[in-house]
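What follows is one structure encoded as structure tokens, with my remarks underneath.
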Amino acid sequence: MSEPIDLTPSAAKRVAMIAERQGKPPILRLAVDGGGCAGFQYKFGLADLVEADDVAAVRDGVTLVVDSVSLDLVRGSAVDFVDSLGGSAFRVTNPNAASGCGCGTSFSI
């Protein structure tokens, strides 16, 4: 059985760098909120701890956490960090998304 959520090596490396610079633990929280141009939007932020209802994925000493409500919308997804001419950003490859937007931060089911 595959993990409910995954963090790529590139994303883990970036989270570790940001967390070290900010003096925080290397825990990245992914949440899903209503809104955005396609109905739902991804929100990223450093977390201080793993909550009781979180699902966690660990890679290279970095933890990705998703709350149980958001997990229903992102189950099977992978979080990556992409550095391209268009900019640098965390990206979610979400197999549950029926469509997305051009900016990659919102989606619909």
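Chain identifiers are assigned as A, B, and so on, following the order in which chains appear in the structure tokens; residues are numbered from 1 within each chain, and ligands are numbered from 1 in order of appearance.
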Name all residues at most 8 Å from Phe90 in chain A (count only C-alpha atoms; drop same-chain ones fewer than 3 positions away) and give them as a PDB file with C-alpha atoms, in the first residue's frame.
```
ATOM      1  CA  ALA A  11      11.022  19.505  -1.206  1.00  0.00           C
ATOM      2  CA  VAL A  79       4.718  17.588  -2.548  1.00  0.00           C
ATOM      3  CA  ASP A  80       7.682  18.738  -4.633  1.00  0.00           C
ATOM      4  CA  PHE A  81       9.802  21.881  -4.767  1.00  0.00           C
ATOM      5  CA  VAL A  82      10.294  23.253  -8.275  1.00  0.00           C
TER       6      VAL A  82
END
```
Practice prompt. Report the residues of range 1-103 of chain A whose backbone DSSP state falls under strand (DSSP E), written as JSON, numbers by chain.
Written response: {"A": [5, 6, 7, 27, 28, 29, 30, 31, 32, 33, 34, 40, 41, 42, 43, 44, 45, 46, 54, 55, 56, 57, 58, 59, 62, 63, 64, 65, 66, 67, 77, 78, 79, 80, 81, 82, 83, 84, 87, 88, 89, 90, 91, 92, 93, 99, 100]}
Practice prompt. Write down as a list of chain:residue names the residues belonging to chain A that are assigned helix (DSSP H, G or I) by DSSP computed on the backbone.
Written response: A:Pro9, A:Ser10, A:Ala11, A:Ala12, A:Lys13, A:Arg14, A:Val15, A:Ala16, A:Met17, A:Ile18, A:Ala19, A:Glu20, A:Arg21, A:Gln22, A:Ser68, A:Val69, A:Ser70, A:Leu71, A:Asp72, A:Leu73, A:Val74
Worksheet item: Which residues come within 8 Å of Pro25 in chain A, counting only C-alpha atoms, excluding same-chain residues fewer than 4 positions away, as a list in words?
Response: Ala19, Glu20, Leu46, Ala47, Asp48 and Leu49 of chain A
Just-selected residues, all heavy atoms written as an mmCIF file, in the first residue's frame:
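Okay, this is what ended up in again-v3.cif:
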```
data_model
loop_
_atom_site.group_PDB
_atom_site.id
_atom_site.type_symbol
_atom_site.label_atom_id
_atom_site.label_comp_id
_atom_site.auth_asym_id
_atom_site.auth_seq_id
_atom_site.Cartn_x
_atom_site.Cartn_y
_atom_site.Cartn_z
ATOM 1 N N ALA A 19 13.652 25.916 7.391
ATOM 2 C CA ALA A 19 13.478 25.710 8.828
ATOM 3 C C ALA A 19 14.738 26.099 9.588
ATOM 4 O O ALA A 19 14.665 26.745 10.638
ATOM 5 C CB ALA A 19 13.112 24.254 9.110
ATOM 6 N N GLU A 20 15.896 25.733 9.052
ATOM 7 C CA GLU A 20 17.159 26.074 9.709
ATOM 8 C C GLU A 20 17.340 27.592 9.764
ATOM 9 O O GLU A 20 17.714 28.153 10.790
ATOM 10 C CB GLU A 20 18.330 25.425 8.977
ATOM 11 C CG GLU A 20 19.664 25.688 9.651
ATOM 12 C CD GLU A 20 20.810 24.990 8.952
ATOM 13 O OE1 GLU A 20 20.606 23.919 8.349
ATOM 14 O OE2 GLU A 20 21.929 25.541 9.012
ATOM 15 N N LEU A 46 5.451 26.382 7.890
ATOM 16 C CA LEU A 46 6.208 25.583 8.848
ATOM 17 C C LEU A 46 5.353 25.388 10.094
ATOM 18 O O LEU A 46 4.641 26.298 10.515
ATOM 19 C CB LEU A 46 7.520 26.276 9.216
ATOM 20 C CG LEU A 46 8.573 26.322 8.121
ATOM 21 C CD1 LEU A 46 9.819 27.053 8.624
ATOM 22 C CD2 LEU A 46 8.950 24.931 7.644
ATOM 23 N N ALA A 47 5.423 24.203 10.662
ATOM 24 C CA ALA A 47 4.668 23.889 11.878
ATOM 25 C C ALA A 47 5.654 23.676 13.019
ATOM 26 O O ALA A 47 6.798 23.281 12.805
ATOM 27 C CB ALA A 47 3.823 22.642 11.663
ATOM 28 N N ASP A 48 5.191 23.932 14.232
ATOM 29 C CA ASP A 48 6.039 23.723 15.397
ATOM 30 C C ASP A 48 5.977 22.282 15.893
ATOM 31 O O ASP A 48 6.904 21.804 16.535
ATOM 32 C CB ASP A 48 5.638 24.671 16.529
ATOM 33 C CG ASP A 48 5.964 26.123 16.179
ATOM 34 O OD1 ASP A 48 7.048 26.357 15.604
ATOM 35 O OD2 ASP A 48 5.147 26.998 16.467
ATOM 36 N N LEU A 49 4.865 21.598 15.607
ATOM 37 C CA LEU A 49 4.731 20.215 16.061
ATOM 38 C C LEU A 49 3.712 19.468 15.212
ATOM 39 O O LEU A 49 2.968 20.059 14.441
ATOM 40 C CB LEU A 49 4.337 20.162 17.543
ATOM 41 C CG LEU A 49 3.132 20.989 17.984
ATOM 42 C CD1 LEU A 49 1.856 20.184 17.949
ATOM 43 C CD2 LEU A 49 3.375 21.498 19.378
#
```
Fill in: range 6-10 of chain A environment, 8 Å, only C-alpha atoms, sequence neighbours closer than 3 positions dropped, as a PyMOL selection string
chain A and resi 3+13-14+57-60+64+76-82
Take the residues from that selection and put them in a file with all heavy atoms, as a CSV table (one decimal), in the first residue's frame.
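The resulting again.csv:
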```csv
chain,number,residue,atom,x,y,z
A,3,GLU,N,1.9,5.3,0.6
A,3,GLU,CA,1.7,6.2,1.6
A,3,GLU,C,0.6,7.2,1.3
A,3,GLU,O,0.4,7.5,0.1
A,3,GLU,CB,3.0,7.0,1.9
A,3,GLU,CG,4.1,6.2,2.4
A,3,GLU,CD,3.8,5.6,3.8
A,3,GLU,OE1,3.3,6.3,4.7
A,3,GLU,OE2,4.1,4.4,4.0
A,13,LYS,N,14.7,18.9,1.1
A,13,LYS,CA,15.9,19.8,1.1
A,13,LYS,C,15.5,21.2,1.3
A,13,LYS,O,16.1,21.9,2.2
A,13,LYS,CB,16.7,19.6,-0.1
A,13,LYS,CG,18.0,20.3,-0.2
A,13,LYS,CD,18.8,20.0,-1.5
A,13,LYS,CE,20.0,20.8,-1.5
A,13,LYS,NZ,20.7,20.6,-2.8
A,14,ARG,N,14.5,21.7,0.6
A,14,ARG,CA,14.1,23.1,0.7
A,14,ARG,C,13.5,23.4,2.1
A,14,ARG,O,13.8,24.4,2.7
A,14,ARG,CB,13.1,23.4,-0.4
A,14,ARG,CG,12.7,24.9,-0.4
A,14,ARG,CD,13.9,25.8,-0.8
A,14,ARG,NE,13.5,27.1,-0.9
A,14,ARG,CZ,14.2,28.1,-1.5
A,14,ARG,NH1,15.4,27.8,-1.9
A,14,ARG,NH2,13.7,29.3,-1.6
A,57,ALA,N,4.4,12.3,6.8
A,57,ALA,CA,5.4,11.6,5.9
A,57,ALA,C,6.8,12.1,6.2
A,57,ALA,O,6.9,13.4,6.4
A,57,ALA,CB,5.0,11.8,4.5
A,58,VAL,N,7.8,11.3,6.4
A,58,VAL,CA,9.1,11.8,6.7
A,58,VAL,C,10.1,11.4,5.6
A,58,VAL,O,10.0,10.3,5.1
A,58,VAL,CB,9.6,11.1,8.1
A,58,VAL,CG1,11.0,11.6,8.4
A,58,VAL,CG2,8.6,11.5,9.2
A,59,ARG,N,10.9,12.4,5.2
A,59,ARG,CA,12.0,12.1,4.2
A,59,ARG,C,13.2,12.9,4.6
A,59,ARG,O,13.1,14.1,4.8
A,59,ARG,CB,11.5,12.5,2.8
A,59,ARG,CG,12.6,12.2,1.8
A,59,ARG,CD,12.2,12.5,0.4
A,59,ARG,NE,11.1,11.7,-0.1
A,59,ARG,CZ,11.2,10.5,-0.7
A,59,ARG,NH1,12.4,10.0,-0.8
A,59,ARG,NH2,10.1,10.0,-1.1
A,60,ASP,N,14.3,12.3,4.7
A,60,ASP,CA,15.6,12.9,5.0
A,60,ASP,C,15.5,13.9,6.3
A,60,ASP,O,16.0,15.0,6.3
A,60,ASP,CB,16.0,13.8,3.8
A,60,ASP,CG,16.2,12.9,2.6
A,60,ASP,OD1,16.5,11.7,2.7
A,60,ASP,OD2,16.0,13.4,1.4
A,64,LEU,N,6.4,16.1,6.6
A,64,LEU,CA,5.3,16.7,6.0
A,64,LEU,C,4.1,16.3,6.8
A,64,LEU,O,3.9,15.1,7.0
A,64,LEU,CB,5.2,16.3,4.5
A,64,LEU,CG,3.9,16.7,3.8
A,64,LEU,CD1,3.8,18.2,3.6
A,64,LEU,CD2,3.8,16.0,2.5
A,76,GLY,N,-2.7,10.5,-1.6
A,76,GLY,CA,-2.0,10.0,-2.8
A,76,GLY,C,-1.1,11.0,-3.5
A,76,GLY,O,-0.4,10.7,-4.4
A,77,SER,N,-1.1,12.3,-2.9
A,77,SER,CA,-0.4,13.4,-3.6
A,77,SER,C,1.1,13.3,-3.2
A,77,SER,O,1.5,12.7,-2.2
A,77,SER,CB,-0.9,14.7,-3.1
A,77,SER,OG,-2.3,14.9,-3.6
A,78,ALA,N,1.9,14.0,-4.0
A,78,ALA,CA,3.3,14.2,-3.6
A,78,ALA,C,3.6,15.7,-3.6
A,78,ALA,O,3.1,16.5,-4.5
A,78,ALA,CB,4.2,13.6,-4.7
A,79,VAL,N,4.3,16.2,-2.6
A,79,VAL,CA,4.7,17.6,-2.5
A,79,VAL,C,6.2,17.7,-3.0
A,79,VAL,O,7.0,17.0,-2.6
A,79,VAL,CB,4.6,18.1,-1.1
A,79,VAL,CG1,5.1,19.5,-1.0
A,79,VAL,CG2,3.2,18.0,-0.6
A,80,ASP,N,6.4,18.6,-4.0
A,80,ASP,CA,7.7,18.7,-4.6
A,80,ASP,C,8.1,20.2,-4.5
A,80,ASP,O,7.2,21.1,-4.3
A,80,ASP,CB,7.6,18.3,-6.1
A,80,ASP,CG,9.0,18.2,-6.7
A,80,ASP,OD1,10.0,18.2,-6.0
A,80,ASP,OD2,9.1,18.0,-8.0
A,81,PHE,N,9.4,20.5,-4.7
A,81,PHE,CA,9.8,21.9,-4.8
A,81,PHE,C,10.4,22.1,-6.1
A,81,PHE,O,11.3,21.3,-6.6
A,81,PHE,CB,10.8,22.2,-3.7
A,81,PHE,CG,11.3,23.7,-3.8
A,81,PHE,CD1,10.4,24.7,-3.3
A,81,PHE,CD2,12.5,24.0,-4.4
A,81,PHE,CE1,10.8,26.0,-3.4
A,81,PHE,CE2,12.8,25.4,-4.5
A,81,PHE,CZ,12.0,26.3,-3.9
A,82,VAL,N,9.9,23.0,-6.9
A,82,VAL,CA,10.3,23.3,-8.3
A,82,VAL,C,11.0,24.6,-8.4
A,82,VAL,O,10.4,25.6,-7.9
A,82,VAL,CB,9.1,23.2,-9.2
A,82,VAL,CG1,9.5,23.4,-10.7
A,82,VAL,CG2,8.4,21.8,-9.1
```
Item to complete: With a distance cut-off of 7 Å and only C-alpha atoms, select the neighbouring residues of range 26-36 of chain A, excluding the residue or stretch itself and same-chain residues fewer than 5 positions from it, and output the selection as a PyMOL selection string.
Response: chain A and resi 15-16+19+41-48+62-67+70+106
